[in-house]
Amino acid sequence: MEGEGGGSARKRGKEGETRYKGIRMRKWGKWVAEIREPNKRSRIWLGSYSTPVAAARAYDTAVFYLRGPSARLNFPELLAVEAPAAAAASDMSAASIRKKATEVGARVDALHRQHPPAGEFADRVDLNKVPEPENSDCDWDRD
């Protein structure tokens, strides 16, 4: 899988975008996450998300449940939040891991939709709005 493996948590994509481990972007713009089960060829599907951060958090949750505290995470600083719950569940099924990961990813996705990062939507121009003249000398016919 792209982005999965050793090295730093973030990698550079072909167009300079920041990449996280365990995720990829679909052609239509959705971000998906999946992870291989240890010692198996099968993968655990972790869902599709609107933001790369949500997909990366879903991946982090799954990899932490699969590999424990030694797992390489995209967001190691957030490990303390999930560590107590994961420590209690040492041997979870793939379905349980998928459920936990998708819950985290969906929560992060919802937070990003409610509070988008600064500048992402604020800088966009409303193309349906008639532009205001820059100075008052301008004589426009406004409908």
# chains A, B, ... in the order shown; residues from 1 in each chain; ligands from 1
$ select_by_dssp --residues "range 29-111 of chain A" --states "helix (DSSP H, G or I)" --output "PDB file with N, CA, C and O atoms, in the first residue's frame"
ATOM      1  N   PRO A  52      -7.739  13.962   4.714  1.00  0.00           N
ATOM      2  CA  PRO A  52      -6.639  13.020   4.939  1.00  0.00           C
ATOM      3  C   PRO A  52      -6.361  12.812   6.424  1.00  0.00           C
ATOM      4  O   PRO A  52      -5.933  11.735   6.825  1.00  0.00           O
ATOM      5  N   VAL A  53      -6.640  13.813   7.243  1.00  0.00           N
ATOM      6  CA  VAL A  53      -6.400  13.693   8.686  1.00  0.00           C
ATOM      7  C   VAL A  53      -7.326  12.633   9.285  1.00  0.00           C
ATOM      8  O   VAL A  53      -6.903  11.810  10.097  1.00  0.00           O
ATOM      9  N   ALA A  54      -8.586  12.627   8.876  1.00  0.00           N
ATOM     10  CA  ALA A  54      -9.536  11.637   9.386  1.00  0.00           C
ATOM     11  C   ALA A  54      -9.118  10.223   8.985  1.00  0.00           C
ATOM     12  O   ALA A  54      -9.154   9.294   9.805  1.00  0.00           O
ATOM     13  N   ALA A  55      -8.700  10.053   7.744  1.00  0.00           N
ATOM     14  CA  ALA A  55      -8.244   8.737   7.289  1.00  0.00           C
ATOM     15  C   ALA A  55      -6.983   8.315   8.044  1.00  0.00           C
ATOM     16  O   ALA A  55      -6.849   7.149   8.435  1.00  0.00           O
ATOM     17  N   ALA A  56      -6.074   9.252   8.268  1.00  0.00           N
ATOM     18  CA  ALA A  56      -4.841   8.941   8.986  1.00  0.00           C
ATOM     19  C   ALA A  56      -5.122   8.589  10.444  1.00  0.00           C
ATOM     20  O   ALA A  56      -4.474   7.699  11.011  1.00  0.00           O
ATOM     21  N   ARG A  57      -6.087   9.250  11.056  1.00  0.00           N
ATOM     22  CA  ARG A  57      -6.451   8.921  12.445  1.00  0.00           C
ATOM     23  C   ARG A  57      -7.093   7.539  12.522  1.00  0.00           C
ATOM     24  O   ARG A  57      -6.869   6.785  13.474  1.00  0.00           O
ATOM     25  N   ALA A  58      -7.896   7.179  11.529  1.00  0.00           N
ATOM     26  CA  ALA A  58      -8.482   5.831  11.487  1.00  0.00           C
ATOM     27  C   ALA A  58      -7.370   4.793  11.366  1.00  0.00           C
ATOM     28  O   ALA A  58      -7.374   3.768  12.062  1.00  0.00           O
ATOM     29  N   TYR A  59      -6.398   5.057  10.492  1.00  0.00           N
ATOM     30  CA  TYR A  59      -5.248   4.159  10.340  1.00  0.00           C
ATOM     31  C   TYR A  59      -4.477   4.041  11.651  1.00  0.00           C
ATOM     32  O   TYR A  59      -4.111   2.943  12.079  1.00  0.00           O
ATOM     33  N   ASP A  60      -4.218   5.162  12.305  1.00  0.00           N
ATOM     34  CA  ASP A  60      -3.483   5.153  13.571  1.00  0.00           C
ATOM     35  C   ASP A  60      -4.182   4.288  14.613  1.00  0.00           C
ATOM     36  O   ASP A  60      -3.542   3.531  15.340  1.00  0.00           O
ATOM     37  N   THR A  61      -5.500   4.416  14.689  1.00  0.00           N
ATOM     38  CA  THR A  61      -6.261   3.631  15.650  1.00  0.00           C
ATOM     39  C   THR A  61      -6.097   2.140  15.373  1.00  0.00           C
ATOM     40  O   THR A  61      -5.816   1.354  16.276  1.00  0.00           O
ATOM     41  N   ALA A  62      -6.237   1.751  14.115  1.00  0.00           N
ATOM     42  CA  ALA A  62      -6.120   0.338  13.744  1.00  0.00           C
ATOM     43  C   ALA A  62      -4.712  -0.195  13.991  1.00  0.00           C
ATOM     44  O   ALA A  62      -4.544  -1.278  14.552  1.00  0.00           O
ATOM     45  N   VAL A  63      -3.698   0.548  13.583  1.00  0.00           N
ATOM     46  CA  VAL A  63      -2.326   0.067  13.739  1.00  0.00           C
ATOM     47  C   VAL A  63      -1.959  -0.024  15.225  1.00  0.00           C
ATOM     48  O   VAL A  63      -1.226  -0.918  15.640  1.00  0.00           O
ATOM     49  N   PHE A  64      -2.504   0.866  16.033  1.00  0.00           N
ATOM     50  CA  PHE A  64      -2.227   0.804  17.467  1.00  0.00           C
ATOM     51  C   PHE A  64      -2.871  -0.436  18.089  1.00  0.00           C
ATOM     52  O   PHE A  64      -2.253  -1.127  18.898  1.00  0.00           O
ATOM     53  N   TYR A  65      -4.111  -0.752  17.693  1.00  0.00           N
ATOM     54  CA  TYR A  65      -4.763  -1.955  18.210  1.00  0.00           C
ATOM     55  C   TYR A  65      -4.068  -3.221  17.711  1.00  0.00           C
ATOM     56  O   TYR A  65      -4.036  -4.226  18.417  1.00  0.00           O
ATOM     57  N   LEU A  66      -3.531  -3.201  16.510  1.00  0.00           N
ATOM     58  CA  LEU A  66      -2.861  -4.381  15.960  1.00  0.00           C
ATOM     59  C   LEU A  66      -1.455  -4.584  16.518  1.00  0.00           C
ATOM     60  O   LEU A  66      -1.047  -5.711  16.802  1.00  0.00           O
ATOM     61  N   ARG A  67      -0.693  -3.498  16.643  1.00  0.00           N
ATOM     62  CA  ARG A  67       0.732  -3.633  16.971  1.00  0.00           C
ATOM     63  C   ARG A  67       1.127  -3.099  18.341  1.00  0.00           C
ATOM     64  O   ARG A  67       2.276  -3.210  18.727  1.00  0.00           O
ATOM     65  N   GLY A  68       0.203  -2.449  19.025  1.00  0.00           N
ATOM     66  CA  GLY A  68       0.473  -1.980  20.378  1.00  0.00           C
ATOM     67  C   GLY A  68       1.247  -0.675  20.422  1.00  0.00           C
ATOM     68  O   GLY A  68       1.371   0.035  19.417  1.00  0.00           O
ATOM     69  N   PRO A  69       1.813  -0.349  21.580  1.00  0.00           N
ATOM     70  CA  PRO A  69       2.495   0.938  21.773  1.00  0.00           C
ATOM     71  C   PRO A  69       3.725   1.145  20.891  1.00  0.00           C
ATOM     72  O   PRO A  69       4.168   2.265  20.696  1.00  0.00           O
ATOM     73  N   SER A  70       4.274   0.063  20.342  1.00  0.00           N
ATOM     74  CA  SER A  70       5.460   0.213  19.488  1.00  0.00           C
ATOM     75  C   SER A  70       5.108   0.583  18.049  1.00  0.00           C
ATOM     76  O   SER A  70       6.004   0.770  17.223  1.00  0.00           O
ATOM     77  N   PRO A  76       1.574  10.520  16.760  1.00  0.00           N
ATOM     78  CA  PRO A  76       1.951   9.891  18.033  1.00  0.00           C
ATOM     79  C   PRO A  76       1.562  10.724  19.247  1.00  0.00           C
ATOM     80  O   PRO A  76       1.341  10.179  20.324  1.00  0.00           O
ATOM     81  N   GLU A  77       1.428  12.037  19.076  1.00  0.00           N
ATOM     82  CA  GLU A  77       1.057  12.904  20.202  1.00  0.00           C
ATOM     83  C   GLU A  77      -0.367  12.636  20.680  1.00  0.00           C
ATOM     84  O   GLU A  77      -0.730  12.988  21.796  1.00  0.00           O
ATOM     85  N   LEU A  78      -1.201  12.009  19.865  1.00  0.00           N
ATOM     86  CA  LEU A  78      -2.573  11.703  20.243  1.00  0.00           C
ATOM     87  C   LEU A  78      -2.712  10.301  20.830  1.00  0.00           C
ATOM     88  O   LEU A  78      -3.813   9.869  21.151  1.00  0.00           O
ATOM     89  N   LEU A  79      -1.611   9.618  20.988  1.00  0.00           N
ATOM     90  CA  LEU A  79      -1.608   8.252  21.510  1.00  0.00           C
ATOM     91  C   LEU A  79      -2.157   8.189  22.928  1.00  0.00           C
ATOM     92  O   LEU A  79      -2.885   7.275  23.279  1.00  0.00           O
ATOM     93  N   ALA A  80      -1.851   9.156  23.751  1.00  0.00           N
ATOM     94  CA  ALA A  80      -2.276   9.150  25.156  1.00  0.00           C
ATOM     95  C   ALA A  80      -3.793   9.101  25.290  1.00  0.00           C
ATOM     96  O   ALA A  80      -4.320   8.549  26.254  1.00  0.00           O
ATOM     97  N   VAL A  81      -4.513   9.644  24.335  1.00  0.00           N
ATOM     98  CA  VAL A  81      -5.978   9.661  24.385  1.00  0.00           C
ATOM     99  C   VAL A  81      -6.544   8.251  24.207  1.00  0.00           C
ATOM    100  O   VAL A  81      -7.488   7.862  24.883  1.00  0.00           O
ATOM    101  N   GLU A  82      -5.956   7.462  23.311  1.00  0.00           N
ATOM    102  CA  GLU A  82      -6.486   6.143  22.988  1.00  0.00           C
ATOM    103  C   GLU A  82      -5.780   5.013  23.723  1.00  0.00           C
ATOM    104  O   GLU A  82      -6.254   3.889  23.718  1.00  0.00           O
ATOM    105  N   ALA A  83      -4.645   5.265  24.355  1.00  0.00           N
ATOM    106  CA  ALA A  83      -3.830   4.219  24.971  1.00  0.00           C
ATOM    107  C   ALA A  83      -4.554   3.408  26.049  1.00  0.00           C
ATOM    108  O   ALA A  83      -4.484   2.186  26.031  1.00  0.00           O
ATOM    109  N   PRO A  84      -5.274   4.027  26.996  1.00  0.00           N
ATOM    110  CA  PRO A  84      -5.927   3.219  28.034  1.00  0.00           C
ATOM    111  C   PRO A  84      -6.938   2.221  27.470  1.00  0.00           C
ATOM    112  O   PRO A  84      -6.991   1.082  27.910  1.00  0.00           O
ATOM    113  N   ALA A  85      -7.730   2.629  26.506  1.00  0.00           N
ATOM    114  CA  ALA A  85      -8.736   1.732  25.926  1.00  0.00           C
ATOM    115  C   ALA A  85      -8.072   0.599  25.152  1.00  0.00           C
ATOM    116  O   ALA A  85      -8.524  -0.540  25.198  1.00  0.00           O
ATOM    117  N   ALA A  86      -6.993   0.888  24.444  1.00  0.00           N
ATOM    118  CA  ALA A  86      -6.322  -0.119  23.638  1.00  0.00           C
ATOM    119  C   ALA A  86      -5.557  -1.109  24.499  1.00  0.00           C
ATOM    120  O   ALA A  86      -5.411  -2.274  24.132  1.00  0.00           O
ATOM    121  N   ALA A  87      -5.053  -0.670  25.628  1.00  0.00           N
ATOM    122  CA  ALA A  87      -4.290  -1.555  26.505  1.00  0.00           C
ATOM    123  C   ALA A  87      -5.176  -2.679  27.044  1.00  0.00           C
ATOM    124  O   ALA A  87      -4.727  -3.799  27.234  1.00  0.00           O
ATOM    125  N   ALA A  88      -6.456  -2.380  27.286  1.00  0.00           N
ATOM    126  CA  ALA A  88      -7.381  -3.379  27.813  1.00  0.00           C
ATOM    127  C   ALA A  88      -7.749  -4.425  26.763  1.00  0.00           C
ATOM    128  O   ALA A  88      -8.031  -5.563  27.097  1.00  0.00           O
ATOM    129  N   ALA A  94     -10.607  -8.518  13.547  1.00  0.00           N
ATOM    130  CA  ALA A  94     -10.504  -7.515  12.481  1.00  0.00           C
ATOM    131  C   ALA A  94     -11.762  -6.647  12.445  1.00  0.00           C
ATOM    132  O   ALA A  94     -11.679  -5.432  12.231  1.00  0.00           O
ATOM    133  N   ALA A  95     -12.922  -7.237  12.694  1.00  0.00           N
ATOM    134  CA  ALA A  95     -14.174  -6.473  12.682  1.00  0.00           C
ATOM    135  C   ALA A  95     -14.206  -5.445  13.818  1.00  0.00           C
ATOM    136  O   ALA A  95     -14.662  -4.315  13.629  1.00  0.00           O
ATOM    137  N   SER A  96     -13.702  -5.819  14.991  1.00  0.00           N
ATOM    138  CA  SER A  96     -13.668  -4.884  16.128  1.00  0.00           C
ATOM    139  C   SER A  96     -12.716  -3.737  15.849  1.00  0.00           C
ATOM    140  O   SER A  96     -13.017  -2.591  16.174  1.00  0.00           O
ATOM    141  N   ILE A  97     -11.577  -4.057  15.256  1.00  0.00           N
ATOM    142  CA  ILE A  97     -10.588  -3.027  14.929  1.00  0.00           C
ATOM    143  C   ILE A  97     -11.164  -2.075  13.889  1.00  0.00           C
ATOM    144  O   ILE A  97     -11.032  -0.861  13.998  1.00  0.00           O
ATOM    145  N   ARG A  98     -11.836  -2.631  12.873  1.00  0.00           N
ATOM    146  CA  ARG A  98     -12.465  -1.806  11.840  1.00  0.00           C
ATOM    147  C   ARG A  98     -13.495  -0.866  12.468  1.00  0.00           C
ATOM    148  O   ARG A  98     -13.545   0.322  12.158  1.00  0.00           O
ATOM    149  N   LYS A  99     -14.303  -1.387  13.380  1.00  0.00           N
ATOM    150  CA  LYS A  99     -15.336  -0.582  14.021  1.00  0.00           C
ATOM    151  C   LYS A  99     -14.719   0.573  14.812  1.00  0.00           C
ATOM    152  O   LYS A  99     -15.146   1.723  14.686  1.00  0.00           O
ATOM    153  N   LYS A 100     -13.695   0.287  15.624  1.00  0.00           N
ATOM    154  CA  LYS A 100     -13.033   1.332  16.413  1.00  0.00           C
ATOM    155  C   LYS A 100     -12.410   2.387  15.504  1.00  0.00           C
ATOM    156  O   LYS A 100     -12.533   3.589  15.742  1.00  0.00           O
ATOM    157  N   ALA A 101     -11.723   1.940  14.453  1.00  0.00           N
ATOM    158  CA  ALA A 101     -11.042   2.867  13.549  1.00  0.00           C
ATOM    159  C   ALA A 101     -12.030   3.752  12.802  1.00  0.00           C
ATOM    160  O   ALA A 101     -11.809   4.956  12.668  1.00  0.00           O
ATOM    161  N   THR A 102     -13.139   3.169  12.338  1.00  0.00           N
ATOM    162  CA  THR A 102     -14.111   3.977  11.611  1.00  0.00           C
ATOM    163  C   THR A 102     -14.817   4.964  12.535  1.00  0.00           C
ATOM    164  O   THR A 102     -15.174   6.062  12.104  1.00  0.00           O
ATOM    165  N   GLU A 103     -15.003   4.602  13.801  1.00  0.00           N
ATOM    166  CA  GLU A 103     -15.587   5.546  14.763  1.00  0.00           C
ATOM    167  C   GLU A 103     -14.693   6.767  14.939  1.00  0.00           C
ATOM    168  O   GLU A 103     -15.163   7.907  14.909  1.00  0.00           O
ATOM    169  N   VAL A 104     -13.393   6.520  15.092  1.00  0.00           N
ATOM    170  CA  VAL A 104     -12.437   7.630  15.262  1.00  0.00           C
ATOM    171  C   VAL A 104     -12.390   8.479  13.999  1.00  0.00           C
ATOM    172  O   VAL A 104     -12.467   9.706  14.046  1.00  0.00           O
ATOM    173  N   GLY A 105     -12.276   7.831  12.832  1.00  0.00           N
ATOM    174  CA  GLY A 105     -12.223   8.560  11.571  1.00  0.00           C
ATOM    175  C   GLY A 105     -13.463   9.397  11.326  1.00  0.00           C
ATOM    176  O   GLY A 105     -13.382  10.550  10.903  1.00  0.00           O
ATOM    177  N   ALA A 106     -14.635   8.830  11.618  1.00  0.00           N
ATOM    178  CA  ALA A 106     -15.887   9.566  11.422  1.00  0.00           C
ATOM    179  C   ALA A 106     -15.971  10.764  12.367  1.00  0.00           C
ATOM    180  O   ALA A 106     -16.434  11.842  11.980  1.00  0.00           O
ATOM    181  N   ARG A 107     -15.497  10.582  13.608  1.00  0.00           N
ATOM    182  CA  ARG A 107     -15.519  11.684  14.579  1.00  0.00           C
ATOM    183  C   ARG A 107     -14.617  12.825  14.100  1.00  0.00           C
ATOM    184  O   ARG A 107     -15.003  13.993  14.145  1.00  0.00           O
ATOM    185  N   VAL A 108     -13.421  12.491  13.618  1.00  0.00           N
ATOM    186  CA  VAL A 108     -12.482  13.513  13.131  1.00  0.00           C
ATOM    187  C   VAL A 108     -13.052  14.191  11.886  1.00  0.00           C
ATOM    188  O   VAL A 108     -12.980  15.412  11.749  1.00  0.00           O
ATOM    189  N   ASP A 109     -13.645  13.409  10.991  1.00  0.00           N
ATOM    190  CA  ASP A 109     -14.257  13.963   9.777  1.00  0.00           C
ATOM    191  C   ASP A 109     -15.363  14.949  10.142  1.00  0.00           C
ATOM    192  O   ASP A 109     -15.463  16.031   9.555  1.00  0.00           O
ATOM    193  N   ALA A 110     -16.204  14.594  11.104  1.00  0.00           N
ATOM    194  CA  ALA A 110     -17.301  15.474  11.526  1.00  0.00           C
ATOM    195  C   ALA A 110     -16.755  16.763  12.129  1.00  0.00           C
ATOM    196  O   ALA A 110     -17.280  17.845  11.868  1.00  0.00           O
ATOM    197  N   LEU A 111     -15.701  16.670  12.914  1.00  0.00           N
ATOM    198  CA  LEU A 111     -15.095  17.865  13.504  1.00  0.00           C
ATOM    199  C   LEU A 111     -14.531  18.783  12.431  1.00  0.00           C
ATOM    200  O   LEU A 111     -14.662  20.002  12.513  1.00  0.00           O
TER     201      LEU A 111
END
$ atom_distance --atom1 "CA of Met92 in chain A" --atom2 "CA of Arg36 in chain A"
14.4 Å
$ residues_around --residues "Met25 in chain A" --least-positions-apart "4" --cutoff "10 Å" --atoms "only C-alpha atoms" --output "list of chain:residue names"
A:Arg19, A:Gly29, A:Lys30, A:Trp31, A:Val32, A:Ala33, A:Ser48, A:Tyr49, A:Ser50, A:Thr51, A:Pro52, A:Ala55
$ decode --residues "range 89-101 of chain A" --atoms "all heavy atoms" --output "tab-separated table (two decimals), in the first residue's frame"
chain	number	residue	atom	x	y	z
A	89	ALA	N	-7.76	-4.04	25.50
A	89	ALA	CA	-8.15	-4.95	24.42
A	89	ALA	C	-6.92	-5.40	23.66
A	89	ALA	O	-6.52	-4.80	22.69
A	89	ALA	CB	-9.12	-4.24	23.50
A	90	SER	N	-6.30	-6.49	24.11
A	90	SER	CA	-5.05	-6.91	23.49
A	90	SER	C	-5.26	-7.74	22.23
A	90	SER	O	-4.51	-7.61	21.28
A	90	SER	CB	-4.23	-7.72	24.50
A	90	SER	OG	-4.99	-8.82	24.94
A	91	ASP	N	-6.29	-8.60	22.20
A	91	ASP	CA	-6.48	-9.47	21.04
A	91	ASP	C	-7.87	-9.26	20.47
A	91	ASP	O	-8.81	-9.96	20.81
A	91	ASP	CB	-6.28	-10.93	21.46
A	91	ASP	CG	-6.14	-11.84	20.26
A	91	ASP	OD1	-5.73	-11.35	19.20
A	91	ASP	OD2	-6.45	-13.03	20.40
A	92	MET	N	-7.98	-8.27	19.57
A	92	MET	CA	-9.28	-7.92	18.99
A	92	MET	C	-9.40	-8.52	17.60
A	92	MET	O	-8.40	-8.70	16.90
A	92	MET	CB	-9.43	-6.41	18.91
A	92	MET	CG	-9.49	-5.74	20.26
A	92	MET	SD	-9.53	-3.94	20.13
A	92	MET	CE	-11.06	-3.66	19.28
A	93	SER	N	-10.62	-8.77	17.17
A	93	SER	CA	-10.86	-9.28	15.83
A	93	SER	C	-10.73	-8.14	14.82
A	93	SER	O	-10.77	-6.96	15.18
A	93	SER	CB	-12.26	-9.88	15.74
A	93	SER	OG	-13.23	-8.86	15.84
A	94	ALA	N	-10.61	-8.52	13.55
A	94	ALA	CA	-10.50	-7.52	12.48
A	94	ALA	C	-11.76	-6.65	12.44
A	94	ALA	O	-11.68	-5.43	12.23
A	94	ALA	CB	-10.30	-8.20	11.14
A	95	ALA	N	-12.92	-7.24	12.69
A	95	ALA	CA	-14.17	-6.47	12.68
A	95	ALA	C	-14.21	-5.44	13.82
A	95	ALA	O	-14.66	-4.32	13.63
A	95	ALA	CB	-15.37	-7.41	12.80
A	96	SER	N	-13.70	-5.82	14.99
A	96	SER	CA	-13.67	-4.88	16.13
A	96	SER	C	-12.72	-3.74	15.85
A	96	SER	O	-13.02	-2.59	16.17
A	96	SER	CB	-13.21	-5.58	17.41
A	96	SER	OG	-13.86	-6.78	17.58
A	97	ILE	N	-11.58	-4.06	15.26
A	97	ILE	CA	-10.59	-3.03	14.93
A	97	ILE	C	-11.16	-2.08	13.89
A	97	ILE	O	-11.03	-0.86	14.00
A	97	ILE	CB	-9.27	-3.67	14.45
A	97	ILE	CG1	-8.61	-4.38	15.64
A	97	ILE	CG2	-8.34	-2.63	13.84
A	97	ILE	CD1	-7.43	-5.25	15.25
A	98	ARG	N	-11.84	-2.63	12.87
A	98	ARG	CA	-12.47	-1.81	11.84
A	98	ARG	C	-13.49	-0.87	12.47
A	98	ARG	O	-13.54	0.32	12.16
A	98	ARG	CB	-13.14	-2.67	10.79
A	98	ARG	CG	-13.85	-1.87	9.71
A	98	ARG	CD	-14.62	-2.72	8.71
A	98	ARG	NE	-13.82	-3.77	8.13
A	98	ARG	CZ	-14.02	-5.08	8.33
A	98	ARG	NH1	-15.01	-5.50	9.08
A	98	ARG	NH2	-13.24	-5.97	7.74
A	99	LYS	N	-14.30	-1.39	13.38
A	99	LYS	CA	-15.34	-0.58	14.02
A	99	LYS	C	-14.72	0.57	14.81
A	99	LYS	O	-15.15	1.72	14.69
A	99	LYS	CB	-16.19	-1.45	14.94
A	99	LYS	CG	-17.32	-0.70	15.59
A	99	LYS	CD	-18.17	-1.59	16.45
A	99	LYS	CE	-19.27	-0.76	17.09
A	99	LYS	NZ	-20.00	-1.48	18.10
A	100	LYS	N	-13.69	0.29	15.62
A	100	LYS	CA	-13.03	1.33	16.41
A	100	LYS	C	-12.41	2.39	15.50
A	100	LYS	O	-12.53	3.59	15.74
A	100	LYS	CB	-11.95	0.73	17.32
A	100	LYS	CG	-12.48	-0.12	18.42
A	100	LYS	CD	-12.98	0.75	19.53
A	100	LYS	CE	-13.35	-0.10	20.73
A	100	LYS	NZ	-13.98	0.66	21.78
A	101	ALA	N	-11.72	1.94	14.45
A	101	ALA	CA	-11.04	2.87	13.55
A	101	ALA	C	-12.03	3.75	12.80
A	101	ALA	O	-11.81	4.96	12.67
A	101	ALA	CB	-10.17	2.09	12.56
